[in-house]
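Asker: Take a look at the following structure, please.
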Amino acid sequence: MIDRVITSGTFSLDGGTWDVDNNVWLIGDAREVIVIDAAHDAAPIAERVGGRSVRSIVCTHAHNDHISAAGELAALTGAPIRLHPADQVLWEQVYGPEVTYEPLADDEKLTVGGITLQVLHTPGHAPGAVCLYAPDLGAVFSGDTLFKGGPGATGRSYSSFDTIIESIKDRLLTLPPETVVHTGHGESTSIGAEAADLEEWIKRGH
């Protein structure tokens, strides 16, 4: 039902570049999958997909490290790329008009292999950031909105600490506390574990 590929590359924004490892999540069954965040290198992702059909390539946001393999993977598989349109400005920094996406809408339901993923618009790390909630799996795929130990970074362009805290409180901490949080980088956590630290996040600020 849930599979992970870790790819490595760089994240660049505001004139800086950092080395990063990204979690690429595959959700589905033996016939079809949805790929969440096609990062850095399409080849290992396509290898893990194997002979399955790719229903869509969903981007949790449009920072370059999360979308850099989306165009190539879409060309390989014929799958559409999905992205919240509020991240258009970030998308344009990576892709020109020749690579297009289909817009995601808040609360939209995506289905694959009998699994439903609910799109939760969670701006803050990026304007179009989304998380994907799979109640049947007891899991949420948080991109860079929520990590083990706190919220995603908000010190760069198009981000807001107050907005990400509001998104986490309103859209994520309302999920069952046992919900597993599968993140865009690093280890998974749970809603309950992160809810316990909310006041500490707010005190720390950025």
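Here's how to read the names in the structure tokens: chain A, B, ... by the order shown, residue numbers from 1 in each chain, ligand numbers from 1 in the order shown.
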Using only C-alpha atoms, find each residue in range 58-121 of chain A having at least one atom no more than 12 Å away from range 4-24 of chain A; report its shortest atom-to-atom pair and that distance in Å (one decimal), rows by chain then rising number, as a tab-separated table.
Answerer:
residue	atom	partner	partner_atom	distance
A:Val58	CA	A:Val24	CA	10.3
A:Cys59	CA	A:Val24	CA	10.1
A:Thr60	CA	A:Val24	CA	10.7
A:Ala62	CA	A:Phe11	CA	11.0
A:His63	CA	A:Phe11	CA	7.5
A:Asn64	CA	A:Phe11	CA	6.1
A:Asp65	CA	A:Phe11	CA	5.0
A:His66	CA	A:Asn22	CA	7.5
A:Ile67	CA	A:Phe11	CA	10.4
A:Ser68	CA	A:Gly9	CA	9.4
A:Ala69	CA	A:Thr7	CA	10.1
A:Ala70	CA	A:Val24	CA	11.0
A:Leu90	CA	A:Leu13	CA	9.4
A:Gln93	CA	A:Leu13	CA	9.3
A:Val94	CA	A:Ser12	CA	10.2
Asker: Restricted to N, CA, C and O atoms, what would the selected residues look like written as a PDB file, in the first residue's frame?
Answerer:
ATOM      1  N   VAL A  58       1.745  13.556  -7.859  1.00  0.00           N
ATOM      2  CA  VAL A  58       1.239  14.646  -7.031  1.00  0.00           C
ATOM      3  C   VAL A  58       2.412  15.362  -6.362  1.00  0.00           C
ATOM      4  O   VAL A  58       3.268  14.723  -5.749  1.00  0.00           O
ATOM      5  N   CYS A  59       2.444  16.670  -6.485  1.00  0.00           N
ATOM      6  CA  CYS A  59       3.485  17.483  -5.865  1.00  0.00           C
ATOM      7  C   CYS A  59       2.904  18.149  -4.615  1.00  0.00           C
ATOM      8  O   CYS A  59       1.910  18.875  -4.713  1.00  0.00           O
ATOM      9  N   THR A  60       3.528  17.909  -3.455  1.00  0.00           N
ATOM     10  CA  THR A  60       3.026  18.549  -2.243  1.00  0.00           C
ATOM     11  C   THR A  60       3.294  20.049  -2.244  1.00  0.00           C
ATOM     12  O   THR A  60       2.613  20.799  -1.545  1.00  0.00           O
ATOM     13  N   ALA A  62       5.939  23.158  -4.808  1.00  0.00           N
ATOM     14  CA  ALA A  62       6.755  23.279  -6.016  1.00  0.00           C
ATOM     15  C   ALA A  62       8.180  23.747  -5.758  1.00  0.00           C
ATOM     16  O   ALA A  62       8.809  24.294  -6.665  1.00  0.00           O
ATOM     17  N   HIS A  63       8.718  23.534  -4.575  1.00  0.00           N
ATOM     18  CA  HIS A  63      10.164  23.729  -4.423  1.00  0.00           C
ATOM     19  C   HIS A  63      10.881  22.748  -5.329  1.00  0.00           C
ATOM     20  O   HIS A  63      10.437  21.613  -5.521  1.00  0.00           O
ATOM     21  N   ASN A  64      12.013  23.177  -5.876  1.00  0.00           N
ATOM     22  CA  ASN A  64      12.615  22.405  -6.970  1.00  0.00           C
ATOM     23  C   ASN A  64      12.957  20.970  -6.573  1.00  0.00           C
ATOM     24  O   ASN A  64      12.887  20.051  -7.402  1.00  0.00           O
ATOM     25  N   ASP A  65      13.335  20.749  -5.308  1.00  0.00           N
ATOM     26  CA  ASP A  65      13.723  19.388  -4.932  1.00  0.00           C
ATOM     27  C   ASP A  65      12.543  18.424  -4.939  1.00  0.00           C
ATOM     28  O   ASP A  65      12.730  17.219  -5.063  1.00  0.00           O
ATOM     29  N   HIS A  66      11.320  18.939  -4.841  1.00  0.00           N
ATOM     30  CA  HIS A  66      10.142  18.075  -4.828  1.00  0.00           C
ATOM     31  C   HIS A  66       9.540  17.849  -6.217  1.00  0.00           C
ATOM     32  O   HIS A  66       8.690  16.968  -6.373  1.00  0.00           O
ATOM     33  N   ILE A  67       9.960  18.625  -7.213  1.00  0.00           N
ATOM     34  CA  ILE A  67       9.347  18.509  -8.540  1.00  0.00           C
ATOM     35  C   ILE A  67      10.347  18.247  -9.658  1.00  0.00           C
ATOM     36  O   ILE A  67       9.948  18.067 -10.815  1.00  0.00           O
ATOM     37  N   SER A  68      11.647  18.177  -9.327  1.00  0.00           N
ATOM     38  CA  SER A  68      12.651  18.164 -10.384  1.00  0.00           C
ATOM     39  C   SER A  68      12.602  16.931 -11.278  1.00  0.00           C
ATOM     40  O   SER A  68      13.073  16.973 -12.415  1.00  0.00           O
ATOM     41  N   ALA A  69      12.038  15.821 -10.786  1.00  0.00           N
ATOM     42  CA  ALA A  69      11.908  14.623 -11.627  1.00  0.00           C
ATOM     43  C   ALA A  69      10.497  14.441 -12.162  1.00  0.00           C
ATOM     44  O   ALA A  69      10.235  13.475 -12.886  1.00  0.00           O
ATOM     45  N   ALA A  70       9.597  15.363 -11.841  1.00  0.00           N
ATOM     46  CA  ALA A  70       8.196  15.189 -12.235  1.00  0.00           C
ATOM     47  C   ALA A  70       8.018  15.208 -13.746  1.00  0.00           C
ATOM     48  O   ALA A  70       7.268  14.392 -14.306  1.00  0.00           O
ATOM     49  N   LEU A  90       6.579  29.290  -8.017  1.00  0.00           N
ATOM     50  CA  LEU A  90       7.697  28.372  -7.777  1.00  0.00           C
ATOM     51  C   LEU A  90       7.858  27.380  -8.920  1.00  0.00           C
ATOM     52  O   LEU A  90       8.976  27.031  -9.301  1.00  0.00           O
ATOM     53  N   GLN A  93       9.922  28.662 -11.759  1.00  0.00           N
ATOM     54  CA  GLN A  93      11.368  28.736 -11.541  1.00  0.00           C
ATOM     55  C   GLN A  93      12.078  27.467 -12.004  1.00  0.00           C
ATOM     56  O   GLN A  93      13.290  27.466 -12.205  1.00  0.00           O
ATOM     57  N   VAL A  94      11.322  26.360 -12.158  1.00  0.00           N
ATOM     58  CA  VAL A  94      11.895  25.076 -12.561  1.00  0.00           C
ATOM     59  C   VAL A  94      11.509  24.715 -13.991  1.00  0.00           C
ATOM     60  O   VAL A  94      12.351  24.272 -14.771  1.00  0.00           O
TER      61      VAL A  94
END
Asker: Could you give me, as a list in words, the residues within 7 Å of Ser160 in chain A, counting only C-alpha atoms and dropping anything in the same chain fewer than 3 positions from it?
Answerer: Gly124, His125, Thr154, Thr163 and Ile164 of chain A
Asker: Take the selection from the previous step and output its residues with C-alpha atoms, as a PDB file, in the first residue's frame.
Answerer:
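Okay, this is what ended up in again21.pdb:
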ATOM      1  CA  GLY A 124       2.980  28.286   4.985  1.00  0.00           C
ATOM      2  CA  HIS A 125       6.097  26.468   3.781  1.00  0.00           C
ATOM      3  CA  THR A 154       9.539  29.326   6.719  1.00  0.00           C
ATOM      4  CA  THR A 163       0.499  30.665   8.184  1.00  0.00           C
ATOM      5  CA  ILE A 164       2.157  27.252   8.575  1.00  0.00           C
TER       6      ILE A 164
END
Asker: When distances are computed from only C-alpha atoms, which of A:Pro103, A:Pro97, A:Gly78, A:Pro177 shows the smallest separation from Ala46 in chain A?
Answerer: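 The shortest atom-to-atom distance to Ala46 in chain A comes from A:Gly78.
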Asker: With only C-alpha atoms as the counted atoms, please give the residues lying no more than 8 Å from range 165-174 of chain A, apart from itself and same-chain residues fewer than 5 positions off, as a compact mmCIF listing (two decimals) with all heavy atoms, in the first residue's frame.
Answerer:
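For reference, part_27.txt as written:
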# COMPACT_ATOMS: atom_id res chain seq x y z
N LEU A 120 -5.41 18.28 1.39
CA LEU A 120 -5.54 19.32 2.41
C LEU A 120 -4.60 20.46 2.06
O LEU A 120 -3.38 20.28 2.08
CB LEU A 120 -5.18 18.76 3.80
CG LEU A 120 -5.88 17.49 4.27
CD1 LEU A 120 -5.32 17.05 5.62
CD2 LEU A 120 -7.38 17.70 4.35
N HIS A 121 -5.15 21.62 1.71
CA HIS A 121 -4.31 22.78 1.40
C HIS A 121 -3.73 23.31 2.70
O HIS A 121 -4.47 23.71 3.61
CB HIS A 121 -5.13 23.84 0.68
CG HIS A 121 -4.33 25.04 0.26
ND1 HIS A 121 -4.87 26.30 0.19
CD2 HIS A 121 -3.02 25.16 -0.11
CE1 HIS A 121 -3.93 27.15 -0.21
NE2 HIS A 121 -2.80 26.49 -0.39
N THR A 122 -2.40 23.29 2.82
CA THR A 122 -1.73 23.68 4.07
C THR A 122 -0.62 24.69 3.77
O THR A 122 0.56 24.38 3.87
CB THR A 122 -1.14 22.45 4.78
OG1 THR A 122 -0.31 21.71 3.85
CG2 THR A 122 -2.24 21.54 5.31
N PRO A 123 -0.97 25.90 3.38
CA PRO A 123 0.05 26.89 3.03
C PRO A 123 0.90 27.26 4.24
O PRO A 123 0.52 27.06 5.39
CB PRO A 123 -0.78 28.08 2.53
CG PRO A 123 -2.11 27.92 3.20
CD PRO A 123 -2.34 26.44 3.28
N GLY A 124 2.06 27.84 3.95
CA GLY A 124 2.98 28.29 4.99
C GLY A 124 4.41 28.04 4.57
O GLY A 124 5.19 28.98 4.43
N THR A 145 5.34 20.37 5.20
CA THR A 145 4.53 21.14 6.14
C THR A 145 4.79 20.72 7.58
O THR A 145 4.87 21.57 8.48
CB THR A 145 3.03 20.99 5.81
OG1 THR A 145 2.77 21.59 4.54
CG2 THR A 145 2.15 21.64 6.87
N LEU A 146 4.95 19.43 7.82
CA LEU A 146 5.14 18.94 9.19
C LEU A 146 6.18 17.83 9.19
O LEU A 146 6.11 16.90 8.38
CB LEU A 146 3.81 18.42 9.75
CG LEU A 146 3.84 17.87 11.18
CD1 LEU A 146 4.23 18.98 12.17
CD2 LEU A 146 2.48 17.28 11.55
N PRO A 151 7.30 22.12 12.51
CA PRO A 151 6.86 22.54 11.18
C PRO A 151 8.01 22.70 10.21
O PRO A 151 9.18 22.80 10.61
CB PRO A 151 6.19 23.89 11.45
CG PRO A 151 6.89 24.41 12.66
CD PRO A 151 7.22 23.20 13.50
N ILE A 191 0.67 12.40 14.43
CA ILE A 191 -0.02 13.63 14.76
C ILE A 191 0.04 13.87 16.27
O ILE A 191 0.29 14.99 16.74
CB ILE A 191 -1.48 13.59 14.26
CG1 ILE A 191 -1.52 13.63 12.72
CG2 ILE A 191 -2.30 14.73 14.87
CD1 ILE A 191 -1.01 14.91 12.10
N GLY A 192 -0.20 12.84 17.05
CA GLY A 192 -0.19 13.00 18.50
C GLY A 192 1.15 13.47 19.04
O GLY A 192 1.21 14.34 19.92
N ALA A 195 1.53 17.17 18.10
CA ALA A 195 0.58 18.03 18.80
C ALA A 195 1.08 18.37 20.19
O ALA A 195 0.89 19.49 20.68
CB ALA A 195 -0.78 17.35 18.88
N ILE A 202 5.65 27.32 18.75
CA ILE A 202 5.21 28.72 18.68
C ILE A 202 6.20 29.61 19.44
O ILE A 202 6.54 30.72 19.00
CB ILE A 202 3.78 28.85 19.23
CG1 ILE A 202 2.80 28.09 18.32
CG2 ILE A 202 3.39 30.31 19.34
CD1 ILE A 202 1.40 28.00 18.85
Asker: Run DSSP on the backbone of this structure and report the residues of range 38-201 of chain A it assigns to alpha helix (DSSP H), as a PyMOL selection string.
Answerer: chain A and resi 42-49+64-67+70-77+88-94+161-167+191-195+198-201
Asker: With distances taken over only C-alpha atoms, which residue among A:Ala134, A:Ile27, A:Leu73, A:Ile2 lies nearest Asp41 in chain A?
Answerer: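 Of all the options, A:Leu73 lies closest to Asp41 in chain A.
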Asker: Using DSSP assignments from the backbone, pull out every residue in chain A that falls under strand (DSSP E or B) and give it to me as a PyMOL selection string.
Answerer: chain A and resi 2-13+16-28+32-36+53-58+81-83+102-103+109-112+115-121+130-134+139-143+146-147+150-151+180-183+189-190
Asker: CA of Leu198 in chain A to CA of Ala139 in chain A: how many Å, to one decimal?
Answerer: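 These two atoms are separated by 19.4 Å.
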Asker: Nearest residue to Glu194 in chain A out of A:Ala129, A:Leu175, A:Lys148, A:Glu32, using only C-alpha atoms?
Answerer: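 So, comparing all the options, the nearest one is A:Lys148.
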